[in-house]
>>> print(open('structure_33.cif').read())   # mmCIF, C-alpha atoms (C1' of nucleotides)
data_upload
#
loop_
_atom_site.label_atom_id
_atom_site.label_comp_id
_atom_site.auth_asym_id
_atom_site.auth_seq_id
_atom_site.Cartn_x
_atom_site.Cartn_y
_atom_site.Cartn_z
CA MET A 361 -14.56 -21.11 18.33
CA ILE A 362 -13.89 -19.76 14.88
CA HIS A 363 -13.61 -22.25 12.07
CA LEU A 364 -10.14 -23.42 11.05
CA LYS A 365 -10.45 -22.49 7.40
CA ALA A 366 -11.74 -19.06 8.32
CA GLN A 367 -8.62 -18.46 10.39
CA GLN A 368 -6.38 -19.76 7.62
CA LEU A 369 -8.12 -17.50 5.14
CA LEU A 370 -7.48 -14.51 7.39
CA GLN A 371 -3.78 -15.28 7.78
CA THR A 372 -3.26 -16.06 4.12
CA SER A 373 -5.11 -12.99 2.96
CA ILE A 374 -2.96 -10.80 5.22
CA HIS A 375 0.06 -12.16 3.39
CA HIS A 376 -1.50 -11.56 -0.01
CA PHE A 377 -2.87 -8.12 0.78
CA ALA A 378 0.53 -7.14 2.20
CA ALA A 379 2.33 -8.37 -0.89
CA HIS A 380 -0.02 -7.23 -3.66
CA GLY A 381 -2.43 -4.74 -2.12
CA TYR A 382 -6.19 -4.91 -2.13
CA GLU A 383 -6.58 -4.64 -5.89
CA GLY A 384 -3.63 -6.89 -6.65
CA ALA A 385 -4.57 -9.74 -4.32
CA SER A 386 -6.55 -12.56 -5.91
CA LEU A 387 -9.23 -14.57 -4.14
CA GLN A 388 -8.34 -17.40 -6.47
CA GLU A 389 -4.78 -17.56 -5.18
CA ILE A 390 -5.80 -17.13 -1.56
CA ALA A 391 -8.29 -19.98 -1.82
CA THR A 392 -5.78 -22.26 -3.51
CA GLU A 393 -3.18 -21.60 -0.82
CA VAL A 394 -5.70 -22.48 1.87
CA GLY A 395 -6.73 -25.59 -0.05
CA ILE A 396 -10.28 -24.75 -1.00
CA LYS A 397 -12.01 -23.43 -4.11
CA LYS A 398 -12.61 -19.74 -4.65
CA PRO A 399 -16.38 -19.69 -4.10
CA SER A 400 -15.97 -21.48 -0.78
CA ILE A 401 -14.54 -18.30 0.64
CA TYR A 402 -18.10 -17.02 0.64
CA ALA A 403 -19.05 -19.61 3.24
CA HIS A 404 -16.85 -17.67 5.70
CA TYR A 405 -16.78 -14.10 4.47
CA LYS A 406 -19.28 -11.95 2.64
CA GLY A 407 -16.76 -11.07 -0.02
CA LYS A 408 -13.39 -9.48 -0.65
CA ASP A 409 -14.28 -6.31 1.25
CA ASP A 410 -15.34 -8.24 4.30
CA LEU A 411 -12.17 -10.31 4.22
CA PHE A 412 -10.04 -7.21 3.97
CA LEU A 413 -11.84 -5.42 6.79
CA GLN A 414 -11.66 -8.40 9.11
CA ALA A 415 -7.99 -8.85 8.26
CA THR A 416 -7.44 -5.22 9.17
CA THR A 417 -9.25 -5.51 12.49
CA TYR A 418 -7.27 -8.60 13.37
CA ALA A 419 -3.93 -7.09 12.34
CA LEU A 420 -4.41 -3.90 14.34
CA GLN A 421 -5.52 -5.74 17.43
CA GLU A 422 -2.59 -8.12 17.19
CA GLN A 423 -0.07 -5.35 16.63
CA LYS A 424 -1.41 -3.32 19.52
CA ARG A 425 -1.18 -6.37 21.74
CA ARG A 426 2.46 -6.99 20.83
CA PHE A 427 3.33 -3.36 21.28
CA ALA A 428 1.84 -3.30 24.76
CA THR A 429 3.44 -6.61 25.66
CA TYR A 430 6.91 -5.39 24.82
CA PHE A 431 6.71 -2.18 26.79
CA THR A 432 5.27 -3.81 29.88
CA SER A 433 7.85 -6.60 29.73
CA THR A 434 10.67 -4.02 29.77
CA ARG A 435 9.32 -2.06 32.71
CA GLN A 436 12.44 -2.86 34.75
CA GLN A 437 14.91 -1.53 32.21
CA PRO A 438 16.08 2.08 31.98
CA LEU A 439 13.90 4.15 29.72
CA GLU A 440 16.48 4.58 26.99
CA GLN A 441 17.14 0.87 26.86
CA SER A 442 13.44 0.15 26.64
CA LEU A 443 12.85 2.62 23.84
CA HIS A 444 15.98 1.68 21.94
CA GLY A 445 15.48 -2.03 22.41
CA PHE A 446 12.06 -1.88 20.85
CA PHE A 447 13.59 -1.78 17.41
CA ASP A 448 15.73 -4.85 17.99
CA TRP A 449 12.83 -6.66 19.53
CA PHE A 450 10.75 -5.80 16.53
CA ILE A 451 13.25 -7.33 14.14
CA SER A 452 13.56 -10.48 16.19
CA GLU A 453 9.91 -11.26 15.62
CA GLN A 454 10.39 -12.14 11.99
CA GLN A 455 6.82 -12.67 11.04
CA ASP A 456 6.04 -9.17 12.16
CA ASP A 457 7.27 -7.41 9.12
CA ILE A 458 4.47 -9.02 7.15
CA LEU A 459 1.92 -7.81 9.64
CA MET A 460 3.59 -4.41 9.65
CA ARG A 461 3.68 -4.35 5.88
CA PHE A 462 -0.01 -5.12 5.72
CA ILE A 463 -0.78 -2.40 8.23
CA LEU A 464 1.35 0.22 6.51
CA ARG A 465 -0.13 -0.57 3.15
CA ALA A 466 -3.70 -0.58 4.41
CA ALA A 467 -3.11 2.65 6.30
CA TYR A 468 -1.40 4.66 3.59
CA PHE A 469 -2.98 3.23 0.50
CA PRO A 470 -6.37 1.79 1.34
CA PRO A 471 -8.77 0.81 -1.42
CA GLU A 472 -10.68 3.96 -2.25
CA LYS A 473 -14.09 2.62 -1.36
CA LEU A 474 -12.97 1.45 2.08
CA GLU A 475 -11.14 4.65 2.99
CA GLN A 476 -13.67 5.63 5.64
CA GLU A 477 -13.69 2.23 7.30
CA MET A 478 -9.91 2.27 7.37
CA THR A 479 -9.74 5.68 8.98
CA ASP A 480 -12.27 4.60 11.57
CA ARG A 481 -10.01 1.72 12.53
CA PHE A 482 -6.61 3.34 12.27
CA ASN A 483 -7.22 6.52 14.20
CA PRO A 484 -8.14 4.78 17.46
CA PHE A 485 -5.27 2.36 16.90
CA PHE A 486 -2.70 5.08 16.53
CA ASP A 487 -4.20 7.10 19.36
CA SER A 488 -3.99 4.17 21.71
CA LEU A 489 -0.33 3.63 20.86
CA HIS A 490 0.28 7.32 21.39
CA ASP A 491 -1.51 7.24 24.75
CA LEU A 492 0.29 4.14 25.91
CA LEU A 493 3.65 5.67 25.10
CA THR A 494 2.76 9.02 26.63
CA ARG A 495 1.81 7.35 29.91
CA LEU A 496 4.97 5.29 29.83
CA LEU A 497 7.18 8.33 29.40
CA ARG A 498 5.38 10.19 32.16
CA GLU A 499 5.58 7.33 34.64
CA ARG A 500 9.21 6.62 33.92
CA ASP A 501 10.24 10.22 34.06
CA ARG A 502 8.78 10.47 37.54
CA THR A 503 11.45 8.13 38.82
CA GLU A 504 14.27 8.56 36.32
CA LYS A 505 13.87 12.31 35.79
CA ILE A 506 15.80 12.05 32.57
CA LEU A 507 13.62 13.71 29.96
CA TYR A 508 14.37 17.22 28.86
CA SER A 509 10.77 18.35 28.53
CA THR A 510 7.63 17.40 30.41
CA ASP A 511 5.65 17.55 27.19
CA TYR A 512 5.41 13.78 27.16
CA LYS A 513 2.80 13.76 24.47
CA SER A 514 5.11 15.46 22.00
CA ALA A 515 7.99 13.24 22.97
CA ALA A 516 5.82 10.18 22.40
CA LEU A 517 4.76 11.48 19.01
CA ALA A 518 8.36 12.14 18.05
CA TYR A 519 9.31 8.63 19.02
CA LEU A 520 6.43 7.18 17.05
CA THR A 521 7.38 9.21 14.00
CA VAL A 522 10.93 7.98 14.11
CA ALA A 523 9.81 4.43 14.83
CA GLU A 524 7.50 4.54 11.88
CA GLY A 525 10.19 5.97 9.62
CA THR A 526 12.81 3.41 10.54
CA LEU A 527 10.45 0.45 10.65
CA THR A 528 9.19 1.43 7.24
CA GLU A 529 12.79 1.26 6.16
CA LEU A 530 12.99 -2.21 7.64
CA VAL A 531 9.95 -3.36 5.75
CA TYR A 532 11.11 -1.91 2.51
CA ASN A 533 14.88 -2.11 2.44
CA GLY A 534 15.71 -4.92 4.81
CA VAL A 535 17.66 -5.32 8.01
CA ASP A 536 20.95 -3.77 6.94
CA ALA A 537 19.53 -0.49 5.70
CA PHE A 538 17.39 -0.43 8.81
CA HIS A 539 20.35 -0.77 11.15
CA ALA A 540 22.20 1.97 9.34
CA ARG A 541 19.30 4.30 9.71
CA GLN A 542 18.59 3.39 13.27
CA GLN A 543 22.19 3.97 14.29
CA ALA A 544 22.10 7.37 12.64
CA VAL A 545 18.79 8.49 14.04
CA TRP A 546 18.55 7.17 17.56
CA PRO A 547 21.47 9.02 19.18
CA ILE A 548 20.12 12.26 17.78
CA VAL A 549 16.57 11.65 18.89
CA TRP A 550 17.58 10.48 22.33
CA ARG A 551 19.86 13.44 22.77
CA GLY A 552 16.96 15.65 21.74
CA MET A 553 14.60 14.04 24.22
CA SER A 554 16.79 13.63 27.26
CA LYS A 555 18.67 15.94 29.57
CA THR A 556 22.15 16.46 28.19
CA ILE A 557 24.91 15.36 30.49
CA MET B 982 10.12 17.83 -28.24
CA ILE B 983 7.96 15.14 -26.72
CA HIS B 984 4.43 14.80 -28.00
CA LEU B 985 1.67 16.58 -26.09
CA LYS B 986 -0.48 13.53 -25.51
CA ALA B 987 2.52 11.56 -24.31
CA GLN B 988 3.17 14.22 -21.68
CA GLN B 989 -0.49 14.31 -20.70
CA LEU B 990 -0.51 10.54 -20.38
CA LEU B 991 2.50 10.70 -18.09
CA GLN B 992 0.94 13.31 -15.81
CA THR B 993 -2.45 11.64 -15.72
CA SER B 994 -1.00 8.23 -15.04
CA ILE B 995 1.00 9.63 -12.13
CA HIS B 996 -2.30 10.78 -10.63
CA HIS B 997 -3.93 7.42 -11.22
CA PHE B 998 -1.00 5.34 -10.03
CA ALA B 999 -0.76 7.51 -6.92
CA ALA B 1000 -4.46 7.12 -6.18
CA HIS B 1001 -5.01 3.45 -7.05
CA GLY B 1002 -1.60 1.84 -7.32
CA TYR B 1003 -0.20 -0.06 -10.26
CA GLU B 1004 -2.75 -2.86 -10.15
CA GLY B 1005 -5.67 -0.58 -9.38
CA ALA B 1006 -5.02 1.99 -12.08
CA SER B 1007 -6.90 1.47 -15.33
CA LEU B 1008 -5.54 2.31 -18.76
CA GLN B 1009 -9.13 2.81 -19.84
CA GLU B 1010 -9.66 5.61 -17.34
CA ILE B 1011 -6.30 7.18 -18.02
CA ALA B 1012 -6.97 7.27 -21.76
CA THR B 1013 -10.45 8.74 -21.28
CA GLU B 1014 -9.11 11.49 -19.04
CA VAL B 1015 -6.54 12.42 -21.66
CA GLY B 1016 -9.18 12.32 -24.37
CA ILE B 1017 -8.05 9.36 -26.43
CA LYS B 1018 -9.03 5.70 -26.69
CA LYS B 1019 -7.30 3.03 -24.69
CA PRO B 1020 -5.35 1.36 -27.51
CA SER B 1021 -3.94 4.74 -28.58
CA ILE B 1022 -1.75 4.68 -25.49
CA TYR B 1023 0.31 2.11 -27.34
CA ALA B 1024 1.31 4.74 -29.89
CA HIS B 1025 3.29 6.42 -27.10
CA TYR B 1026 4.20 3.69 -24.64
CA LYS B 1027 4.93 0.02 -25.01
CA GLY B 1028 2.37 -0.89 -22.37
CA LYS B 1029 1.40 -0.40 -18.76
CA ASP B 1030 4.82 -1.35 -17.45
CA ASP B 1031 6.54 1.12 -19.71
CA LEU B 1032 4.15 3.87 -18.68
CA PHE B 1033 4.73 3.13 -15.02
CA LEU B 1034 8.50 3.04 -15.35
CA GLN B 1035 8.64 6.28 -17.32
CA ALA B 1036 6.31 7.89 -14.80
CA THR B 1037 8.68 6.80 -12.05
CA THR B 1038 11.73 8.15 -13.82
CA TYR B 1039 10.02 11.46 -14.41
CA ALA B 1040 8.69 11.73 -10.86
CA LEU B 1041 12.05 11.04 -9.23
CA GLN B 1042 13.87 13.46 -11.47
CA GLU B 1043 11.29 16.14 -10.82
CA GLN B 1044 11.33 15.58 -7.06
CA LYS B 1045 15.10 15.68 -6.92
CA ARG B 1046 15.08 18.91 -8.90
CA ARG B 1047 12.64 20.55 -6.49
CA PHE B 1048 14.54 19.33 -3.50
CA ALA B 1049 17.79 20.77 -4.80
CA THR B 1050 16.12 24.01 -5.84
CA TYR B 1051 14.76 24.62 -2.36
CA PHE B 1052 18.00 24.05 -0.54
CA THR B 1053 20.05 26.18 -2.87
CA SER B 1054 17.46 28.96 -2.74
CA THR B 1055 17.74 29.07 1.05
CA ARG B 1056 21.54 29.22 1.14
CA GLN B 1057 21.43 32.62 2.85
CA GLN B 1058 19.23 31.54 5.74
CA PRO B 1059 20.51 30.03 8.99
CA LEU B 1060 20.73 26.29 8.84
CA GLU B 1061 17.88 25.63 11.23
CA GLN B 1062 15.58 27.92 9.32
CA SER B 1063 16.49 26.24 6.07
CA LEU B 1064 15.89 22.75 7.41
CA HIS B 1065 12.75 23.66 9.28
CA GLY B 1066 11.34 25.74 6.45
CA PHE B 1067 11.57 22.83 4.06
CA PHE B 1068 8.42 21.34 5.49
CA ASP B 1069 6.41 24.53 5.07
CA TRP B 1070 7.77 24.98 1.59
CA PHE B 1071 6.75 21.46 0.79
CA ILE B 1072 3.18 22.08 1.83
CA SER B 1073 2.93 25.31 -0.10
CA GLU B 1074 3.53 23.43 -3.33
CA GLN B 1075 0.14 21.80 -3.31
CA GLN B 1076 0.55 19.59 -6.32
CA ASP B 1077 3.52 17.97 -4.69
CA ASP B 1078 1.66 15.68 -2.43
CA ILE B 1079 0.44 13.81 -5.48
CA LEU B 1080 3.97 13.44 -6.75
CA MET B 1081 5.08 12.48 -3.25
CA ARG B 1082 2.24 10.03 -2.94
CA PHE B 1083 3.17 8.41 -6.21
CA ILE B 1084 6.79 8.16 -5.15
CA LEU B 1085 6.01 6.72 -1.73
CA ARG B 1086 3.65 4.20 -3.17
CA ALA B 1087 6.01 3.15 -5.94
CA ALA B 1088 8.89 2.92 -3.48
CA TYR B 1089 7.22 0.94 -0.73
CA PHE B 1090 4.74 -1.13 -2.68
CA PRO B 1091 5.98 -1.57 -6.21
CA PRO B 1092 4.33 -4.10 -8.49
CA GLU B 1093 6.10 -7.36 -7.82
CA LYS B 1094 7.42 -7.86 -11.33
CA LEU B 1095 8.98 -4.39 -11.44
CA GLU B 1096 10.61 -4.56 -8.03
CA GLN B 1097 14.13 -4.71 -9.42
CA GLU B 1098 13.61 -1.80 -11.78
CA MET B 1099 12.18 0.23 -8.92
CA THR B 1100 15.13 -0.49 -6.64
CA ASP B 1101 17.52 0.45 -9.41
CA ARG B 1102 15.85 3.83 -9.67
CA PHE B 1103 15.16 4.58 -6.03
CA ASN B 1104 18.52 3.79 -4.52
CA PRO B 1105 20.43 6.36 -6.58
CA PHE B 1106 17.62 8.82 -5.97
CA PHE B 1107 17.76 8.46 -2.22
CA ASP B 1108 21.55 8.42 -2.21
CA SER B 1109 21.69 11.65 -4.15
CA LEU B 1110 19.33 13.33 -1.67
CA HIS B 1111 21.44 11.98 1.16
CA ASP B 1112 24.64 13.26 -0.44
CA LEU B 1113 23.18 16.65 -1.19
CA LEU B 1114 22.05 17.05 2.38
CA THR B 1115 25.31 15.75 3.82
CA ARG B 1116 27.29 18.30 1.80
CA LEU B 1117 24.92 21.04 2.84
CA LEU B 1118 25.33 20.26 6.51
CA ARG B 1119 29.09 20.10 6.22
CA GLU B 1120 29.38 23.38 4.34
CA ARG B 1121 27.04 25.19 6.66
CA ASP B 1122 28.65 23.88 9.78
CA ARG B 1123 31.97 25.24 8.62
CA THR B 1124 30.66 28.76 9.03
CA GLU B 1125 27.90 28.37 11.60
CA LYS B 1126 29.62 25.78 13.77
CA ILE B 1127 26.29 24.81 15.25
CA LEU B 1128 26.05 21.06 14.85
CA TYR B 1129 26.77 18.80 17.79
CA SER B 1130 28.52 16.10 15.83
CA THR B 1131 30.65 16.20 12.71
CA ASP B 1132 29.07 12.98 11.52
CA TYR B 1133 27.16 14.89 8.89
CA LYS B 1134 26.15 11.77 7.06
CA SER B 1135 24.27 10.44 10.07
CA ALA B 1136 22.70 13.81 10.74
CA ALA B 1137 21.51 13.98 7.14
CA LEU B 1138 20.05 10.49 7.39
CA ALA B 1139 18.27 11.40 10.61
CA TYR B 1140 16.78 14.46 8.97
CA LEU B 1141 15.65 12.45 5.95
CA THR B 1142 14.04 9.85 8.18
CA VAL B 1143 12.10 12.47 10.06
CA ALA B 1144 11.20 14.29 6.86
CA GLU B 1145 9.95 11.08 5.35
CA GLY B 1146 7.93 10.24 8.45
CA THR B 1147 6.26 13.61 8.71
CA LEU B 1148 5.71 14.06 4.99
CA THR B 1149 4.13 10.63 4.90
CA GLU B 1150 1.83 11.91 7.58
CA LEU B 1151 1.03 14.89 5.38
CA VAL B 1152 0.20 12.69 2.45
CA TYR B 1153 -1.94 10.40 4.48
CA ASN B 1154 -3.57 12.44 7.21
CA GLY B 1155 -3.57 15.95 5.84
CA VAL B 1156 -2.15 19.28 6.86
CA ASP B 1157 -3.41 19.45 10.43
CA ALA B 1158 -2.05 16.12 11.57
CA PHE B 1159 1.16 16.99 9.78
CA HIS B 1160 1.58 20.26 11.65
CA ALA B 1161 0.93 18.53 14.96
CA ARG B 1162 3.59 15.97 14.25
CA GLN B 1163 6.05 18.43 12.89
CA GLN B 1164 5.74 20.66 15.95
CA ALA B 1165 6.31 17.67 18.19
CA VAL B 1166 9.26 16.25 16.32
CA TRP B 1167 11.29 19.13 15.06
CA PRO B 1168 12.35 20.70 18.38
CA ILE B 1169 13.55 17.32 19.56
CA VAL B 1170 15.43 16.52 16.40
CA TRP B 1171 17.04 19.92 16.21
CA ARG B 1172 18.03 19.79 19.84
CA GLY B 1173 19.53 16.40 19.14
CA MET B 1174 21.50 17.66 16.16
CA SER B 1175 22.72 21.01 17.35
CA LYS B 1176 24.96 22.25 20.14
CA THR B 1177 22.84 22.90 23.19
CA ILE B 1178 22.90 26.44 24.40
"C1'" DA C 1278 -33.93 -45.40 17.89
"C1'" DA C 1279 -35.25 -43.55 13.62
"C1'" DT C 1280 -36.59 -39.81 10.99
"C1'" DC C 1281 -36.87 -35.26 9.82
"C1'" DA C 1282 -35.59 -30.48 8.79
"C1'" DC C 1283 -31.92 -27.37 9.09
"C1'" DC C 1284 -27.45 -25.32 8.85
"C1'" DT C 1285 -22.71 -25.25 7.60
"C1'" DT C 1286 -19.06 -26.11 4.47
"C1'" DC C 1287 -17.60 -27.28 0.57
"C1'" DC C 1288 -18.19 -28.14 -4.57
"C1'" DT C 1289 -18.95 -27.26 -9.99
"C1'" DA C 1290 -20.57 -24.23 -13.39
"C1'" DA C 1291 -21.18 -20.07 -15.00
"C1'" DC C 1292 -22.29 -15.11 -14.86
"C1'" DG C 1293 -21.18 -10.23 -16.40
"C1'" DG C 1294 -17.55 -7.37 -16.39
"C1'" DT C 1295 -12.96 -5.41 -16.83
"C1'" DC C 1296 -8.30 -6.06 -17.65
"C1'" DG C 1297 -4.02 -5.25 -20.82
"C1'" DT C 1298 -2.97 -6.11 -25.37
"C1'" DT C 1299 -3.01 -6.89 -30.55
"C1'" DA C 1300 -4.63 -6.62 -35.37
"C1'" DG C 1301 -5.70 -3.90 -38.88
"C1'" DG C 1302 -7.17 0.30 -40.95
"C1'" DT C 1303 -7.49 5.53 -41.79
"C1'" DA C 1304 -6.06 10.13 -42.09
"C1'" DA C 1305 -2.57 13.62 -41.61
"C1'" DC C 1306 1.87 14.95 -42.39
"C1'" DA C 1307 6.97 14.89 -43.53
"C1'" DT D 1333 6.39 6.93 -49.71
"C1'" DG D 1334 6.82 6.17 -45.17
"C1'" DT D 1335 5.83 7.36 -40.54
"C1'" DT D 1336 3.14 8.91 -36.73
"C1'" DA D 1337 -1.12 9.20 -34.14
"C1'" DC D 1338 -5.17 7.93 -33.74
"C1'" DC D 1339 -9.34 4.77 -34.46
"C1'" DT D 1340 -12.69 0.34 -34.13
"C1'" DA D 1341 -13.01 -4.38 -33.15
"C1'" DA D 1342 -11.84 -8.02 -30.79
"C1'" DC D 1343 -8.75 -11.19 -28.27
"C1'" DG D 1344 -7.91 -14.31 -24.14
"C1'" DA D 1345 -7.38 -14.01 -19.39
"C1'" DC D 1346 -8.79 -13.09 -15.10
"C1'" DC D 1347 -11.75 -10.70 -11.83
"C1'" DG D 1348 -15.36 -10.99 -7.84
"C1'" DT D 1349 -19.64 -12.94 -7.34
"C1'" DT D 1350 -23.91 -15.93 -7.59
"C1'" DA D 1351 -26.73 -20.12 -8.37
"C1'" DG D 1352 -27.51 -24.46 -7.15
"C1'" DG D 1353 -26.35 -28.74 -5.25
"C1'" DA D 1354 -23.80 -32.55 -2.48
"C1'" DA D 1355 -22.14 -34.10 1.92
"C1'" DG D 1356 -22.06 -34.07 6.74
"C1'" DG D 1357 -23.25 -32.76 11.27
"C1'" DT D 1358 -26.78 -31.08 14.79
"C1'" DG D 1359 -30.87 -31.20 17.24
"C1'" DA D 1360 -35.63 -31.68 17.74
"C1'" DT D 1361 -39.79 -34.72 16.72
"C1'" DT D 1362 -41.94 -38.90 16.20
#
>>> encode(input="structure_33.cif", output="structure tokens")
Amino acid sequence: MIHLKAQQLLQTSIHHFAAHGYEGASLQEIATEVGIKKPSIYAHYKGKDDLFLQATTYALQEQKRRFATYFTSTRQQPLEQSLHGFFDWFISEQQDDILMRFILRAAYFPPEKLEQEMTDRFNPFFDSLHDLLTRLLRERDRTEKILYSTDYKSAALAYLTVAEGTLTELVYNGVDAFHARQQAVWPIVWRGMSKTI
Amino acid sequence: MIHLKAQQLLQTSIHHFAAHGYEGASLQEIATEVGIKKPSIYAHYKGKDDLFLQATTYALQEQKRRFATYFTSTRQQPLEQSLHGFFDWFISEQQDDILMRFILRAAYFPPEKLEQEMTDRFNPFFDSLHDLLTRLLRERDRTEKILYSTDYKSAALAYLTVAEGTLTELVYNGVDAFHARQQAVWPIVWRGMSKTI
DNA sequence: AATCACCTTCCTAACGGTCGTTAGGTAACA
DNA sequence: TGTTACCTAACGACCGTTAGGAAGGTGATT
């Protein structure tokens, strides 16, 4: 079992890295929030880099897990409802936007010296989401026969792009702006993906 | 006329802020690149905050100008070509991804203490893009009569969301990943926006 | 059962370094 | 004469990191 303080350090540093970025986050502040002194961090992690990398690994694994959980738990629902509901579900898990914020920030603006390590973690992460969604669309379309094209991979990528765009909006501009954008985008995207009636 | 070094400082700091963020950028390095000593920056700007804010103002104004220039220069083309071609045009202006990177970074992850100032600049910026695009869609649809819905505002927002998502991909993952995403997304979005044939 | 070495987890103190910023001066120019 | 654009020197603050040690638990040896 992993030590309690180590776990607290991971959680707290995710908050700080999400809020201030790698360069802006302070080990001093992280330690204080956990209730230990700054040098004690080094009993659990090799240094700031190590903390950041382990936070990244944890965050990606957690996010992937939640993603998969949602889409398997909505297996019964119609495809549109499942895809559309994902956004609402995402909002309802409040803590998520911090995890998402950390992930977005680490993905788009990693510390220069850790760029390679970030890429090595993010590419498989994104690919696995893409694969999961591609399989989902294919399986569902076999019974529902509702999608316009059988290029499920492209459809999955389109969905991910839109999801990313709107969820970024959520992280940055809050729930209201997010709803506005989602209501504008989703009907268009769904109409583009599905057979018109 | 604004002083030469002041202009150089603005350009160079945009590069550095884009690459390392507000906290990660160093006045030392910026000054050296421009060819002056660090304290000489204070002859032109009040400090790091001032430099960052003026860089933001400049970047947004420049980006808005380019955006407007493109869409007025493609007035003759069919709407789809104009919308679709925007992405290719964007790539062809190589220097842009630095400006775009700076803007994305400043928008999504502003330094905490300047959050309000950033919001005050970005909201009008985004609104003006949204308005410009909404008007464009409305005007074009009057002659082409090709759009599925007359809710031009929503269509414009959908387009901006997708543009943001794919251009973010360009900034982060490079041209190839961008093309892959664009080819997946655009047919779906356009099919969703336009009258099906 | 008592002792021992060992490891982990925390501490205080302090390191060298960089940060943004200010003071104060010089030289050029209006 | 005053202003602008630069300089050198130096400020205090904070950065991540290391050294070295105290306290406590673990597990093997006597």
>>> atom_distance(input="structure_33.cif", atom1="CA of Glu1120 (chain B)", atom2="CA of Arg551 (chain A)")
23.0 Å
>>> interface_residues(input="structure_33.cif", of="chain A", to="chain B", cutoff="6 Å", atoms="all atoms listed in the file", output="list in words")
Glu383, Gly384, Tyr468, Ser514, Ala518, Thr521, Gly525, Tyr532, Ala544, Val545, Ile548, Val549, Arg551, Gly552 and Met553 of chain A
>>> axis_aligned_box(input="structure_33.cif", around="region 525-540 of chain A", padding_each_side="5 Å", output="lines of an AutoDock Vina configuration file")
center_x = 15.7
center_y = 0.3
center_z = 6.8
size_x = 23.0
size_y = 21.3
size_z = 18.7
>>> resolve_selection(input="structure_33.cif", expression="the PyMOL selection byres ((chain C and resi 1297-1302) around 9)", output="ChimeraX atom specification")
/B:1008,1020,1028-1029 /C:1296,1303 /D:1339-1343
>>> resolve_selection(input="structure_33.cif", expression="the PyMOL selection byres ((chain D and resi 1350) around 10)", output="MDAnalysis selection string")
(chainID A and resid 399) or (chainID C and resid 1291:1292) or (chainID D and resid 1348:1349 1351:1352)
>>> residues_around(input="structure_33.cif", residues="DG1359 (chain D)", least_positions_apart="2", cutoff="10 Å", atoms="all atoms listed in the file", output="PDB file with C-alpha atoms (C1' of nucleotides), in the coordinates of the input")
ATOM      1  C1'  DA C1282     -35.590 -30.480   8.790  1.00  0.00           C
ATOM      2  C1'  DC C1283     -31.920 -27.370   9.090  1.00  0.00           C
TER       3       DC C1283
ATOM      4  C1'  DG D1357     -23.250 -32.760  11.270  1.00  0.00           C
ATOM      5  C1'  DT D1361     -39.790 -34.720  16.720  1.00  0.00           C
TER       6       DT D1361
END
>>> interface_residues(input="structure_33.cif", of="chain C", to="chain A", cutoff="12 Å", atoms="all atoms listed in the file", output="number ranges by chain")
C: 1284-1291, 1296
>>> resolve_selection(input="structure_33.cif", expression="the PyMOL selection byres ((chain A and resi 413-421) around 9)", output="list in words")
Leu370, Gln371, Ser373, Ile374, Tyr405, Lys408, Asp409, Asp410, Leu411, Phe412, Glu422, Gln423, Lys424, Arg425, Arg426, Leu459, Met460, Phe462, Ile463, Ala466, Leu474, Glu477, Met478, Arg481, Phe482 and Phe485 of chain A
>>> residues_around(input="structure_33.cif", residues="Leu496 (chain A)", least_positions_apart="3", cutoff="10 Å", atoms="all atoms listed in the file", output="JSON, numbers by chain")
{"A": [431, 432, 435, 439, 490, 491, 492, 493, 499, 500, 501, 512, 516]}
>>> atom_distance(input="structure_33.cif", atom1="CA of Phe377 (chain A)", atom2="CA of Phe447 (chain A)")
24.2 Å
>>> atom_distance(input="structure_33.cif", atom1="CA of Pro484 (chain A)", atom2="CA of Ile362 (chain A)")
25.3 Å
>>> closest_residue(input="structure_33.cif", among="A:Asp457, A:Glu475, A:Asp536, A:Glu389", to="chain D", atoms="all atoms listed in the file")
A:Glu389
>>> closest_residue(input="structure_33.cif", among="A:Ala366, A:Lys398, A:Ala391, A:Gln436", to="chain D", atoms="only C-alpha atoms (C1' of nucleotides)")
A:Lys398
>>> interface_residues(input="structure_33.cif", of="chain D", to="chain B", cutoff="9 Å", atoms="only C-alpha atoms (C1' of nucleotides)", output="list in words")
DT1336, DA1337, DC1338 and DC1339 of chain D
>>> decode(input="structure_33.cif", residues="region 1042-1054 of chain B", atoms="C-alpha atoms", output="mmCIF file, in the first residue's frame")
data_model
loop_
_atom_site.group_PDB
_atom_site.id
_atom_site.type_symbol
_atom_site.label_atom_id
_atom_site.label_comp_id
_atom_site.auth_asym_id
_atom_site.auth_seq_id
_atom_site.Cartn_x
_atom_site.Cartn_y
_atom_site.Cartn_z
ATOM 1 C CA GLN B 1042 -5.762 42.522 -32.405
ATOM 2 C CA GLU B 1043 -3.412 40.934 -34.906
ATOM 3 C CA GLN B 1044 -5.278 37.627 -34.899
ATOM 4 C CA LYS B 1045 -8.618 39.323 -35.359
ATOM 5 C CA ARG B 1046 -7.199 41.309 -38.255
ATOM 6 C CA ARG B 1047 -5.949 38.166 -39.992
ATOM 7 C CA PHE B 1048 -9.184 36.367 -39.401
ATOM 8 C CA ALA B 1049 -11.192 39.185 -40.932
ATOM 9 C CA THR B 1050 -8.766 39.555 -43.815
ATOM 10 C CA TYR B 1051 -9.111 35.914 -44.796
ATOM 11 C CA PHE B 1052 -12.873 35.830 -44.791
ATOM 12 C CA THR B 1053 -13.251 39.031 -46.748
ATOM 13 C CA SER B 1054 -10.646 37.900 -49.269
#
